[in-house]
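Enquirer: Sending over upload-v1.txt (compact mmCIF, C-alpha atoms (C1' of nucleotides)).
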```txt
# COMPACT_ATOMS: atom_id res chain seq x y z
CA MET A 27 25.74 -38.16 -69.23
CA GLY A 28 23.06 -35.71 -68.30
CA ARG A 29 22.75 -32.17 -67.20
CA GLN A 30 24.99 -31.07 -64.37
CA ARG A 31 23.41 -30.09 -61.09
CA ALA A 32 23.12 -26.42 -60.31
CA PHE A 33 23.66 -26.73 -56.55
CA ASP A 34 26.58 -27.61 -54.36
CA GLU A 35 25.61 -30.66 -52.33
CA ASP A 36 28.03 -29.74 -49.59
CA GLU A 37 26.52 -26.28 -49.26
CA VAL A 38 23.05 -27.74 -49.18
CA VAL A 39 23.92 -30.17 -46.42
CA ARG A 40 25.52 -27.42 -44.40
CA ALA A 41 22.41 -25.28 -44.75
CA ALA A 42 20.35 -28.27 -43.66
CA VAL A 43 22.53 -28.64 -40.57
CA LYS A 44 21.80 -25.04 -39.74
CA LEU A 45 18.06 -25.46 -40.19
CA PHE A 46 17.75 -28.76 -38.31
CA GLY A 47 20.00 -27.41 -35.60
CA GLY A 48 17.71 -24.45 -35.08
CA ARG A 49 14.36 -26.06 -34.59
CA ALA A 50 12.73 -29.43 -34.08
CA TYR A 51 12.71 -32.01 -36.85
CA ASP A 52 8.97 -31.76 -37.31
CA GLY A 53 9.25 -27.99 -37.21
CA VAL A 54 11.30 -27.97 -40.38
CA SER A 55 9.07 -28.66 -43.35
CA VAL A 56 10.20 -29.77 -46.77
CA ASP A 57 9.01 -26.39 -48.02
CA ASP A 58 11.39 -24.75 -45.56
CA LEU A 59 14.21 -26.90 -46.83
CA VAL A 60 13.44 -26.16 -50.48
CA THR A 61 13.24 -22.44 -49.75
CA HIS A 62 16.36 -22.06 -47.62
CA LEU A 63 18.55 -24.63 -49.29
CA GLY A 64 18.13 -23.42 -52.84
CA VAL A 65 17.43 -26.94 -54.06
CA HIS A 66 14.37 -27.98 -55.91
CA ARG A 67 12.01 -30.45 -54.30
CA ASN A 68 12.70 -33.01 -56.96
CA SER A 69 16.47 -32.74 -56.66
CA LEU A 70 16.21 -33.03 -52.90
CA TYR A 71 14.36 -36.32 -53.14
CA LYS A 72 16.59 -37.52 -55.99
CA THR A 73 19.70 -36.78 -53.96
CA PHE A 74 18.72 -37.67 -50.41
CA GLY A 75 15.75 -39.96 -50.86
CA SER A 76 13.57 -38.41 -48.20
CA LYS A 77 13.43 -35.71 -45.55
CA ARG A 78 14.78 -38.18 -43.03
CA GLY A 79 17.55 -39.13 -45.47
CA LEU A 80 18.64 -35.52 -45.69
CA TYR A 81 18.42 -35.22 -41.93
CA LEU A 82 20.68 -38.22 -41.42
CA VAL A 83 23.21 -36.86 -43.92
CA ALA A 84 23.10 -33.49 -42.18
CA LEU A 85 23.51 -35.13 -38.79
CA ARG A 86 26.50 -37.15 -39.96
CA ARG A 87 28.07 -34.06 -41.47
CA HIS A 88 27.50 -32.23 -38.21
CA LEU A 89 29.06 -35.07 -36.25
CA ALA A 90 31.97 -35.24 -38.67
CA ASP A 91 32.61 -31.61 -37.76
CA VAL A 92 32.95 -32.80 -34.18
CA LEU A 93 36.06 -34.83 -35.01
CA PRO A 94 38.34 -31.77 -35.07
CA LEU A 95 36.96 -30.96 -31.65
CA THR A 96 38.08 -34.31 -30.27
CA GLU A 97 41.54 -33.71 -31.71
CA ALA A 98 41.68 -30.33 -30.01
CA LEU A 99 40.50 -32.01 -26.83
CA ALA A 100 43.42 -34.41 -26.97
CA ALA A 101 45.73 -31.48 -26.29
CA ALA A 102 43.67 -30.00 -23.45
CA PRO A 103 45.82 -29.64 -20.32
CA ASP A 104 42.99 -29.37 -17.81
CA ALA A 105 39.24 -29.73 -17.35
CA ALA A 106 38.66 -26.01 -17.77
CA THR A 107 40.19 -26.05 -21.23
CA ALA A 108 38.28 -29.17 -22.18
CA LEU A 109 34.98 -27.76 -21.00
CA ARG A 110 35.61 -24.48 -22.77
CA LEU A 111 36.41 -26.32 -25.99
CA VAL A 112 33.17 -28.28 -25.89
CA THR A 113 30.94 -25.42 -24.79
CA SER A 114 32.32 -23.09 -27.44
CA ALA A 115 31.68 -25.61 -30.20
CA ASP A 116 28.55 -25.43 -32.32
CA LEU A 117 26.67 -28.53 -31.20
CA GLY A 118 23.13 -27.36 -31.80
CA LEU A 119 22.10 -30.24 -34.01
CA LEU A 120 23.77 -32.82 -31.78
CA LEU A 121 21.94 -31.46 -28.76
CA LEU A 122 18.59 -31.39 -30.53
CA ALA A 123 19.15 -34.83 -32.00
CA ALA A 124 20.01 -36.28 -28.59
CA VAL A 125 16.96 -34.86 -26.84
CA GLU A 126 14.33 -34.94 -29.52
CA ARG A 127 15.12 -37.40 -32.30
CA ALA A 128 17.16 -40.10 -30.61
CA PRO A 129 14.22 -41.42 -28.57
CA ALA A 130 12.18 -41.83 -31.74
CA ASP A 131 14.84 -42.88 -34.26
CA GLU A 132 17.35 -45.51 -33.24
CA GLU A 133 19.65 -44.73 -36.14
CA VAL A 134 19.90 -41.19 -34.82
CA ALA A 135 20.39 -42.57 -31.32
CA ALA A 136 23.30 -44.69 -32.51
CA GLU A 137 25.01 -41.76 -34.25
CA VAL A 138 24.58 -39.54 -31.23
CA ALA A 139 25.86 -42.19 -28.84
CA THR A 140 28.95 -42.75 -30.98
CA ALA A 141 29.73 -39.05 -31.13
CA LEU A 142 29.28 -38.54 -27.41
CA THR A 143 31.44 -41.54 -26.63
CA ALA A 144 34.17 -40.13 -28.88
CA ILE A 145 34.11 -36.88 -26.92
CA ASP A 146 34.17 -38.79 -23.64
CA GLN A 147 37.15 -40.80 -24.79
CA ALA A 148 39.05 -37.74 -25.95
CA ILE A 149 38.52 -36.07 -22.58
CA ALA A 150 39.43 -39.21 -20.65
CA ASP A 151 42.66 -39.58 -22.62
CA ALA A 152 43.66 -35.94 -22.45
CA LEU A 153 43.02 -35.45 -18.74
CA ASP A 154 43.91 -39.00 -17.74
CA VAL A 155 40.70 -39.41 -15.77
CA PRO A 156 38.35 -42.41 -15.51
CA ALA A 157 35.68 -42.78 -18.16
CA PRO A 158 32.65 -41.96 -15.97
CA LEU A 159 34.27 -38.71 -14.93
CA ALA A 160 34.96 -37.81 -18.55
CA ALA A 161 31.35 -38.65 -19.41
CA GLY A 162 30.28 -36.39 -16.56
CA LEU A 163 32.33 -33.56 -17.97
CA THR A 164 30.80 -34.05 -21.39
CA ALA A 165 27.37 -34.09 -19.80
CA ALA A 166 28.16 -30.89 -17.94
CA ALA A 167 29.25 -29.24 -21.16
CA LEU A 168 26.04 -30.31 -22.89
CA GLY A 169 24.02 -28.94 -20.01
CA ILE A 170 25.81 -25.62 -20.25
CA LEU A 171 25.19 -25.51 -24.01
CA LEU A 172 21.55 -26.32 -23.39
CA ARG A 173 21.23 -23.40 -21.01
CA GLY A 174 22.77 -21.16 -23.62
CA ASN A 175 25.31 -19.46 -21.38
CA PRO A 176 28.79 -20.37 -22.56
CA ASP A 177 30.56 -17.86 -20.32
CA GLY A 178 30.93 -17.71 -16.58
CA VAL A 179 29.08 -20.86 -15.67
CA GLY A 180 31.59 -23.26 -17.12
CA ALA A 181 34.48 -21.25 -15.70
CA ALA A 182 32.94 -21.36 -12.23
CA LEU A 183 32.58 -25.12 -12.50
CA THR A 184 36.07 -25.91 -13.69
CA GLN A 185 37.81 -23.42 -11.46
CA ARG A 186 36.56 -25.49 -8.56
CA PHE A 187 37.13 -28.68 -10.45
CA ASP A 188 40.77 -28.17 -11.35
CA SER A 189 41.87 -26.82 -7.99
CA PRO A 190 42.64 -30.17 -6.29
CA ASP A 191 45.20 -31.00 -9.01
CA MET B 21 -26.14 -25.88 -14.24
CA GLY B 22 -25.29 -28.31 -17.01
CA ARG B 23 -24.05 -31.83 -17.20
CA GLN B 24 -21.05 -32.67 -15.08
CA ARG B 25 -17.79 -33.58 -16.81
CA ALA B 26 -16.80 -37.20 -16.95
CA PHE B 27 -13.03 -36.70 -16.67
CA ASP B 28 -10.66 -35.56 -13.95
CA GLU B 29 -8.86 -32.49 -15.21
CA ASP B 30 -5.89 -33.14 -12.97
CA GLU B 31 -5.51 -36.67 -14.29
CA VAL B 32 -5.74 -35.41 -17.84
CA VAL B 33 -3.04 -32.80 -17.30
CA ARG B 34 -0.77 -35.36 -15.70
CA ALA B 35 -1.22 -37.71 -18.64
CA ALA B 36 -0.43 -34.81 -20.95
CA VAL B 37 2.78 -34.17 -19.02
CA LYS B 38 3.74 -37.77 -19.60
CA LEU B 39 3.01 -37.59 -23.32
CA PHE B 40 4.68 -34.24 -23.95
CA GLY B 41 7.62 -35.31 -21.82
CA GLY B 42 8.15 -38.38 -23.96
CA ARG B 43 8.31 -36.96 -27.45
CA ALA B 44 8.52 -33.68 -29.29
CA TYR B 45 5.62 -31.25 -29.26
CA ASP B 46 4.92 -31.75 -32.94
CA GLY B 47 5.25 -35.47 -32.44
CA VAL B 48 2.22 -35.52 -30.16
CA SER B 49 -0.94 -35.11 -32.21
CA VAL B 50 -4.32 -34.08 -30.90
CA ASP B 51 -5.49 -37.58 -31.80
CA ASP B 52 -2.79 -38.97 -29.50
CA LEU B 53 -3.96 -36.70 -26.74
CA VAL B 54 -7.60 -37.64 -27.20
CA THR B 55 -6.72 -41.34 -27.24
CA HIS B 56 -4.36 -41.44 -24.26
CA LEU B 57 -6.01 -38.81 -22.10
CA GLY B 58 -9.52 -40.20 -22.22
CA VAL B 59 -10.94 -36.79 -23.01
CA HIS B 60 -13.03 -36.00 -25.98
CA ARG B 61 -11.74 -33.60 -28.61
CA ASN B 62 -14.45 -31.11 -27.86
CA SER B 63 -13.88 -31.15 -24.12
CA LEU B 64 -10.17 -30.71 -24.67
CA TYR B 65 -10.70 -27.55 -26.68
CA LYS B 66 -13.42 -26.35 -24.34
CA THR B 67 -11.17 -26.79 -21.33
CA PHE B 68 -7.73 -25.82 -22.63
CA GLY B 69 -8.48 -23.73 -25.71
CA SER B 70 -5.91 -25.33 -27.98
CA LYS B 71 -3.18 -27.91 -28.14
CA ARG B 72 -0.68 -25.24 -27.13
CA GLY B 73 -2.97 -24.23 -24.26
CA LEU B 74 -2.95 -27.77 -22.93
CA TYR B 75 0.81 -27.92 -23.42
CA LEU B 76 1.32 -24.78 -21.37
CA VAL B 77 -0.92 -26.06 -18.60
CA ALA B 78 0.97 -29.36 -18.63
CA LEU B 79 4.30 -27.55 -18.57
CA ARG B 80 3.23 -25.40 -15.62
CA ARG B 81 2.02 -28.45 -13.77
CA HIS B 82 5.31 -30.16 -14.46
CA LEU B 83 7.22 -27.14 -13.23
CA ALA B 84 5.01 -26.91 -10.16
CA ASP B 85 6.13 -30.43 -9.36
CA VAL B 86 9.68 -29.08 -9.37
CA LEU B 87 8.97 -26.91 -6.34
CA PRO B 88 9.25 -29.81 -3.87
CA LEU B 89 12.59 -30.54 -5.48
CA THR B 90 13.88 -27.07 -4.64
CA GLU B 91 12.72 -27.54 -1.06
CA ALA B 92 14.61 -30.80 -0.87
CA LEU B 93 17.61 -29.03 -2.37
CA ALA B 94 17.55 -26.47 0.42
CA ALA B 95 18.55 -29.22 2.82
CA ALA B 96 21.32 -30.66 0.64
CA PRO B 97 24.60 -30.75 2.57
CA ASP B 98 26.93 -31.07 -0.44
CA ALA B 99 27.09 -30.92 -4.22
CA ALA B 100 26.84 -34.68 -4.57
CA THR B 101 23.50 -34.72 -2.79
CA ALA B 102 22.24 -31.75 -4.78
CA LEU B 103 23.24 -33.32 -8.07
CA ARG B 104 21.71 -36.62 -7.13
CA LEU B 105 18.46 -34.91 -6.19
CA VAL B 106 18.21 -33.15 -9.54
CA THR B 107 19.30 -36.07 -11.69
CA SER B 108 16.88 -38.44 -9.98
CA ALA B 109 13.95 -36.11 -10.54
CA ASP B 110 11.61 -36.60 -13.47
CA LEU B 111 12.44 -33.58 -15.59
CA GLY B 112 11.65 -34.98 -19.01
CA LEU B 113 9.23 -32.29 -20.04
CA LEU B 114 11.42 -29.51 -18.69
CA LEU B 115 14.37 -30.82 -20.66
CA LEU B 116 12.38 -31.19 -23.85
CA ALA B 117 10.77 -27.80 -23.39
CA ALA B 118 14.14 -26.14 -22.87
CA VAL B 119 15.76 -27.66 -25.94
CA GLU B 120 12.90 -27.86 -28.37
CA ARG B 121 10.06 -25.50 -27.53
CA ALA B 122 11.74 -22.59 -25.78
CA PRO B 123 13.51 -21.35 -28.92
CA ALA B 124 10.18 -21.22 -30.77
CA ASP B 125 7.81 -20.13 -27.99
CA GLU B 126 8.86 -17.31 -25.73
CA GLU B 127 6.17 -18.09 -23.18
CA VAL B 128 7.68 -21.54 -22.82
CA ALA B 129 11.12 -19.98 -22.66
CA ALA B 130 10.04 -17.72 -19.80
CA GLU B 131 8.57 -20.62 -17.80
CA VAL B 132 11.67 -22.72 -18.31
CA ALA B 133 14.00 -19.88 -17.36
CA THR B 134 12.06 -19.22 -14.18
CA ALA B 135 12.15 -22.88 -13.17
CA LEU B 136 15.85 -23.25 -13.84
CA THR B 137 16.63 -20.07 -11.93
CA ALA B 138 14.66 -21.42 -8.97
CA ILE B 139 16.78 -24.57 -8.98
CA ASP B 140 19.95 -22.48 -9.28
CA GLN B 141 18.90 -20.37 -6.32
CA ALA B 142 18.05 -23.38 -4.19
CA ILE B 143 21.47 -24.90 -4.87
CA ALA B 144 23.29 -21.60 -4.29
CA ASP B 145 21.53 -21.15 -0.94
CA ALA B 146 21.98 -24.72 0.23
CA LEU B 147 25.66 -25.05 -0.64
CA ASP B 148 26.51 -21.39 -0.04
CA VAL B 149 28.24 -21.08 -3.40
CA PRO B 150 28.16 -18.21 -5.93
CA ALA B 151 25.29 -18.15 -8.42
CA PRO B 152 27.31 -19.05 -11.55
CA LEU B 153 28.64 -22.13 -9.83
CA ALA B 154 25.13 -23.16 -8.83
CA ALA B 155 23.98 -22.59 -12.39
CA GLY B 156 26.86 -24.75 -13.54
CA LEU B 157 25.75 -27.54 -11.24
CA THR B 158 22.21 -27.30 -12.55
CA ALA B 159 23.54 -27.40 -16.08
CA ALA B 160 25.64 -30.44 -15.26
CA ALA B 161 22.59 -32.18 -13.84
CA LEU B 162 20.59 -31.40 -16.98
CA GLY B 163 23.40 -32.73 -19.13
CA ILE B 164 23.46 -35.95 -17.14
CA LEU B 165 19.69 -36.29 -17.48
CA LEU B 166 20.00 -35.66 -21.19
CA ARG B 167 22.51 -38.46 -21.53
CA GLY B 168 20.16 -40.74 -19.70
CA ASN B 169 22.68 -42.17 -17.23
CA PRO B 170 21.69 -41.13 -13.74
CA ASP B 171 24.21 -43.40 -12.00
CA GLY B 172 27.95 -43.33 -11.92
CA VAL B 173 28.53 -40.24 -13.98
CA GLY B 174 27.14 -37.80 -11.49
CA ALA B 175 28.86 -39.57 -8.63
CA ALA B 176 32.20 -39.34 -10.43
CA LEU B 177 31.69 -35.64 -10.97
CA THR B 178 30.74 -34.73 -7.43
CA GLN B 179 33.23 -37.00 -5.75
CA ARG B 180 35.90 -34.87 -7.33
CA PHE B 181 33.89 -31.75 -6.76
CA ASP B 182 33.27 -32.08 -3.06
CA SER B 183 36.76 -33.20 -2.12
CA PRO B 184 38.31 -29.71 -1.58
CA ASP B 185 35.73 -28.92 1.09
C1' DA C 9 23.19 -33.26 -85.35
C1' DC C 10 20.92 -36.52 -82.72
C1' DT C 11 20.00 -39.34 -78.98
C1' DT C 12 19.98 -40.15 -74.20
C1' DT C 13 20.41 -39.07 -69.56
C1' DT C 14 19.72 -36.12 -65.81
C1' DG C 15 18.29 -32.06 -63.29
C1' DA C 16 14.90 -28.05 -62.96
C1' DG C 17 10.35 -26.67 -62.45
C1' DG C 18 5.87 -26.88 -60.74
C1' DA C 19 1.45 -28.98 -60.27
C1' DA C 20 -0.77 -32.53 -57.77
C1' DC C 21 -1.33 -36.58 -54.72
C1' DG C 22 -3.31 -38.90 -50.44
C1' DG C 23 -2.83 -38.42 -45.62
C1' DT C 24 -2.73 -36.10 -41.38
C1' DC C 25 -2.60 -31.88 -38.87
C1' DG C 26 -5.14 -28.62 -35.46
C1' DT C 27 -9.57 -26.88 -35.13
C1' DT C 28 -14.66 -26.27 -35.53
C1' DC C 29 -19.54 -27.59 -36.28
C1' DT C 30 -23.61 -30.29 -35.58
C1' DT C 31 -26.29 -33.35 -33.06
C1' DG C 32 -28.06 -35.59 -29.11
C1' DA C 33 -27.83 -36.97 -24.14
C1' DC C 34 -27.63 -35.60 -19.49
C1' DT C 35 -28.41 -32.58 -15.32
C1' DG C 36 -29.53 -28.57 -12.31
C1' DA C 37 -32.86 -24.82 -11.87
C1' DT C 38 -37.65 -22.96 -12.73
C1' DA D 2 -42.53 -31.11 -16.47
C1' DT D 3 -39.99 -27.92 -18.79
C1' DC D 4 -36.21 -25.24 -19.92
C1' DA D 5 -31.44 -23.80 -20.17
C1' DG D 6 -26.82 -24.96 -20.13
C1' DT D 7 -22.99 -28.15 -20.44
C1' DC D 8 -20.99 -32.22 -21.93
C1' DA D 9 -20.09 -36.32 -25.11
C1' DA D 10 -19.70 -38.00 -29.63
C1' DG D 11 -18.09 -37.92 -34.09
C1' DA D 12 -18.25 -36.03 -38.66
C1' DA D 13 -16.16 -32.44 -41.24
C1' DC D 14 -13.25 -28.40 -42.25
C1' DG D 15 -9.32 -26.00 -44.65
C1' DA D 16 -4.38 -26.05 -44.32
C1' DC D 17 -0.29 -28.18 -44.55
C1' DC D 18 2.50 -32.40 -44.39
C1' DG D 19 5.97 -35.51 -47.06
C1' DT D 20 6.10 -37.42 -51.45
C1' DT D 21 5.38 -38.35 -56.50
C1' DC D 22 4.35 -37.39 -61.27
C1' DC D 23 4.80 -35.06 -65.58
C1' DT D 24 6.95 -31.93 -68.71
C1' DC D 25 10.73 -29.27 -70.42
C1' DA D 26 15.54 -27.62 -70.68
C1' DA D 27 20.38 -28.63 -70.58
C1' DA D 28 24.55 -31.21 -71.43
C1' DA D 29 27.44 -35.64 -72.35
C1' DG D 30 28.19 -39.61 -75.69
C1' DT D 31 27.72 -41.24 -80.46
```
Would you give me this structure, written as structure tokens?
Expert:
Amino acid sequence: MGRQRAFDEDEVVRAAVKLFGGRAYDGVSVDDLVTHLGVHRNSLYKTFGSKRGLYLVALRRHLADVLPLTEALAAAPDAATALRLVTSADLGLLLLAAVERAPADEEVAAEVATALTAIDQAIADALDVPAPLAAGLTAAALGILLRGNPDGVGAALTQRFDSPD
Amino acid sequence: MGRQRAFDEDEVVRAAVKLFGGRAYDGVSVDDLVTHLGVHRNSLYKTFGSKRGLYLVALRRHLADVLPLTEALAAAPDAATALRLVTSADLGLLLLAAVERAPADEEVAAEVATALTAIDQAIADALDVPAPLAAGLTAAALGILLRGNPDGVGAALTQRFDSPD
DNA sequence: ACTTTTGAGGAACGGTCGTTCTTGACTGAT
DNA sequence: ATCAGTCAAGAACGACCGTTCCTCAAAAGT
């Protein structure tokens, strides 16, 4: 048919995940995307439709990368392991999407809610704890990620948490 | 000397806290501020210097409102009470500032870090627990706030948490 | 070899951004 | 009564936003 594209769509989306995960949605301009993604403006719009379209694709790719995390969670023996798994994952875009975009974009809100629920469920199943408790653990992990200190804090929490078992 | 101003600066700052706490920094335009704050463009720039200047003032006001929270925390008898105090507080702007602005504005980052440390310290003192554990509790509270479910989740966490005592 | 389809390339669009300028009304001090 | 200083009001600024258009080069189908 026509000329073949000179960029790898998967690479582009991954680079977009990195960019959108690093700063706010409105802080990433289309110029930034064109510069850092190695895709021409025109191809970007031809492929993803709009900036928001690319963002949604990037978000879904990011959330798809969370699936392996839930599988790893299924084998977690205790809360400490589960918390460490979540806090050591790269969830930058998920975090930013939840705080910043979800309130303004219900499609983003739906994706985020689904992903968080999946993590909750994986924790609930693995540790055999009630759903609200699993959701609390997920929330705690997100809070730790948000504070940017993966070490020490989580350990202190779960050390106390696992002791009654 | 001149004409007296027709707006209450305190009211304006409080309205700004509400606006900036509701959506991303770049999502709040100066037009939005002028419209919802009841201050004229010119007065806004005369009083606060810039949009970022107003944001910083609003952030500091918001964080000043956190001080009473730390005082209340000092009297918290257990983790459940502490967590409930934090998760029932209005920390929208703090949360948004931590996730979205802090990475891009080191002055914001410093303010946020100071506020979070103050909460950590208050919890550590009240519950007589080590600092990392207190920081973990603060993080958990932030995560719960971020998920937007103040009830149930926190209770499930702390019920388990306080039981060994 | 020729046509057709598609991407690359870059200029350009209208709109909105944060910010500033100009003008006139109001008020305290001389 | 006059003057100086501050505020309100809104037009206007250049810069940048997301998006589109136009032209040319490359490659698949005939």
Enquirer: For chain D, which residues have at least one atom within 10 Å of chain A, if we go by only C-alpha atoms (C1' of nucleotides)? Write them as an MDAnalysis selection string, please.
Expert: chainID D and resid 17:21 26:30
Enquirer: Would you mind exporting the chosen residues as a PDB file, keeping the file's coordinate frame, restricted to C-alpha atoms (C1' of nucleotides)?
Expert:
```pdb
ATOM      1  C1'  DC D  17      -0.290 -28.180 -44.550  1.00  0.00           C
ATOM      2  C1'  DC D  18       2.500 -32.400 -44.390  1.00  0.00           C
ATOM      3  C1'  DG D  19       5.970 -35.510 -47.060  1.00  0.00           C
ATOM      4  C1'  DT D  20       6.100 -37.420 -51.450  1.00  0.00           C
ATOM      5  C1'  DT D  21       5.380 -38.350 -56.500  1.00  0.00           C
ATOM      6  C1'  DA D  26      15.540 -27.620 -70.680  1.00  0.00           C
ATOM      7  C1'  DA D  27      20.380 -28.630 -70.580  1.00  0.00           C
ATOM      8  C1'  DA D  28      24.550 -31.210 -71.430  1.00  0.00           C
ATOM      9  C1'  DA D  29      27.440 -35.640 -72.350  1.00  0.00           C
ATOM     10  C1'  DG D  30      28.190 -39.610 -75.690  1.00  0.00           C
TER      11       DG D  30
END
```
Enquirer: Can you build me a table of chain C residues sitting at most 7 Å from chain A, with the closest atom pair per residue and its distance in Å to one decimal, using only C-alpha atoms (C1' of nucleotides), sorted by chain and residue number, as a tab-separated table?
Expert:
```
residue	atom	partner	partner_atom	distance
C:DT13	C1'	A:Gly28	CA	4.5
C:DT14	C1'	A:Gly28	CA	4.2
C:DG15	C1'	A:Arg31	CA	5.9
```
Enquirer: Within 10 Å of (21.0, -39.1, -82.0) in the file's own coordinates, which protein, DNA or RNA residues have an atom, counting all atoms listed in the file? List them as a list of chain:residue names.
Expert: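 The requested residues, written out, are C:DA9, C:DC10, C:DT11, C:DT12, D:DG30, D:DT31.
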Enquirer: Taking all atoms listed in the file into account, which residues of chain A are within 6 Å of chain B, as an MDAnalysis selection string?
Expert: chainID A and resid 50 52 126 158:159 162 165:166 168:170 179 182:183 187
Enquirer: Would you compute the distance between atom CA of Phe27 of chain B and atom CA of His56 of chain B? Give it in Å to one decimal.
Expert: 12.5 Å
Enquirer: Grab the atom CA of Gly47 of chain A to atom CA of Leu120 of chain A distance for me, in Å with one decimal place.
Expert: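 Atom-to-atom, atom CA of Gly47 of chain A to atom CA of Leu120 of chain A, that is 7.6 Å.
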Enquirer: Counting all atoms listed in the file, write as an MDAnalysis selection string all protein and nucleic acid residues lying at most 12 Å from (41.2, -25.4, -20.5) in the file's frame.
Expert: chainID A and resid 98:114 149 152:153 180:181 183:185 187:188
Enquirer: Take segment 54-72 of chain A, bring it up to N, CA and C atoms, and give me the output as a tab-separated table (two decimals), in the coordinates of the input.
Expert:
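Below is the file part-v9.tsv, written as the result:
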```
chain	number	residue	atom	x	y	z
A	54	VAL	N	10.69	-28.32	-39.10
A	54	VAL	CA	11.30	-27.97	-40.38
A	54	VAL	C	10.57	-28.72	-41.47
A	55	SER	N	9.82	-28.01	-42.29
A	55	SER	CA	9.07	-28.66	-43.35
A	55	SER	C	9.93	-28.78	-44.61
A	56	VAL	N	9.49	-29.63	-45.51
A	56	VAL	CA	10.20	-29.77	-46.77
A	56	VAL	C	10.16	-28.45	-47.53
A	57	ASP	N	9.07	-27.71	-47.39
A	57	ASP	CA	9.01	-26.39	-48.02
A	57	ASP	C	10.11	-25.49	-47.47
A	58	ASP	N	10.31	-25.52	-46.17
A	58	ASP	CA	11.39	-24.75	-45.56
A	58	ASP	C	12.73	-25.13	-46.18
A	59	LEU	N	12.95	-26.42	-46.29
A	59	LEU	CA	14.21	-26.90	-46.83
A	59	LEU	C	14.39	-26.41	-48.26
A	60	VAL	N	13.36	-26.58	-49.08
A	60	VAL	CA	13.44	-26.16	-50.48
A	60	VAL	C	13.73	-24.66	-50.56
A	61	THR	N	13.06	-23.89	-49.71
A	61	THR	CA	13.24	-22.44	-49.75
A	61	THR	C	14.64	-22.02	-49.32
A	62	HIS	N	15.10	-22.54	-48.19
A	62	HIS	CA	16.36	-22.06	-47.62
A	62	HIS	C	17.59	-22.76	-48.18
A	63	LEU	N	17.39	-23.89	-48.82
A	63	LEU	CA	18.55	-24.63	-49.29
A	63	LEU	C	18.86	-24.35	-50.75
A	64	GLY	N	17.90	-23.73	-51.45
A	64	GLY	CA	18.13	-23.42	-52.84
A	64	GLY	C	18.16	-24.67	-53.72
A	65	VAL	N	17.51	-25.71	-53.27
A	65	VAL	CA	17.43	-26.94	-54.06
A	65	VAL	C	15.98	-27.20	-54.39
A	66	HIS	N	15.74	-27.68	-55.56
A	66	HIS	CA	14.37	-27.98	-55.91
A	66	HIS	C	13.94	-29.27	-55.22
A	67	ARG	N	12.65	-29.27	-54.89
A	67	ARG	CA	12.01	-30.45	-54.30
A	67	ARG	C	12.49	-31.74	-54.94
A	68	ASN	N	12.39	-31.78	-56.23
A	68	ASN	CA	12.70	-33.01	-56.96
A	68	ASN	C	14.15	-33.41	-56.74
A	69	SER	N	15.05	-32.45	-56.83
A	69	SER	CA	16.47	-32.74	-56.66
A	69	SER	C	16.75	-33.21	-55.23
A	70	LEU	N	16.04	-32.63	-54.30
A	70	LEU	CA	16.21	-33.03	-52.90
A	70	LEU	C	15.88	-34.51	-52.73
A	71	TYR	N	14.76	-34.92	-53.29
A	71	TYR	CA	14.36	-36.32	-53.14
A	71	TYR	C	15.24	-37.23	-53.97
A	72	LYS	N	15.69	-36.72	-55.15
A	72	LYS	CA	16.59	-37.52	-55.99
A	72	LYS	C	17.92	-37.73	-55.27
```
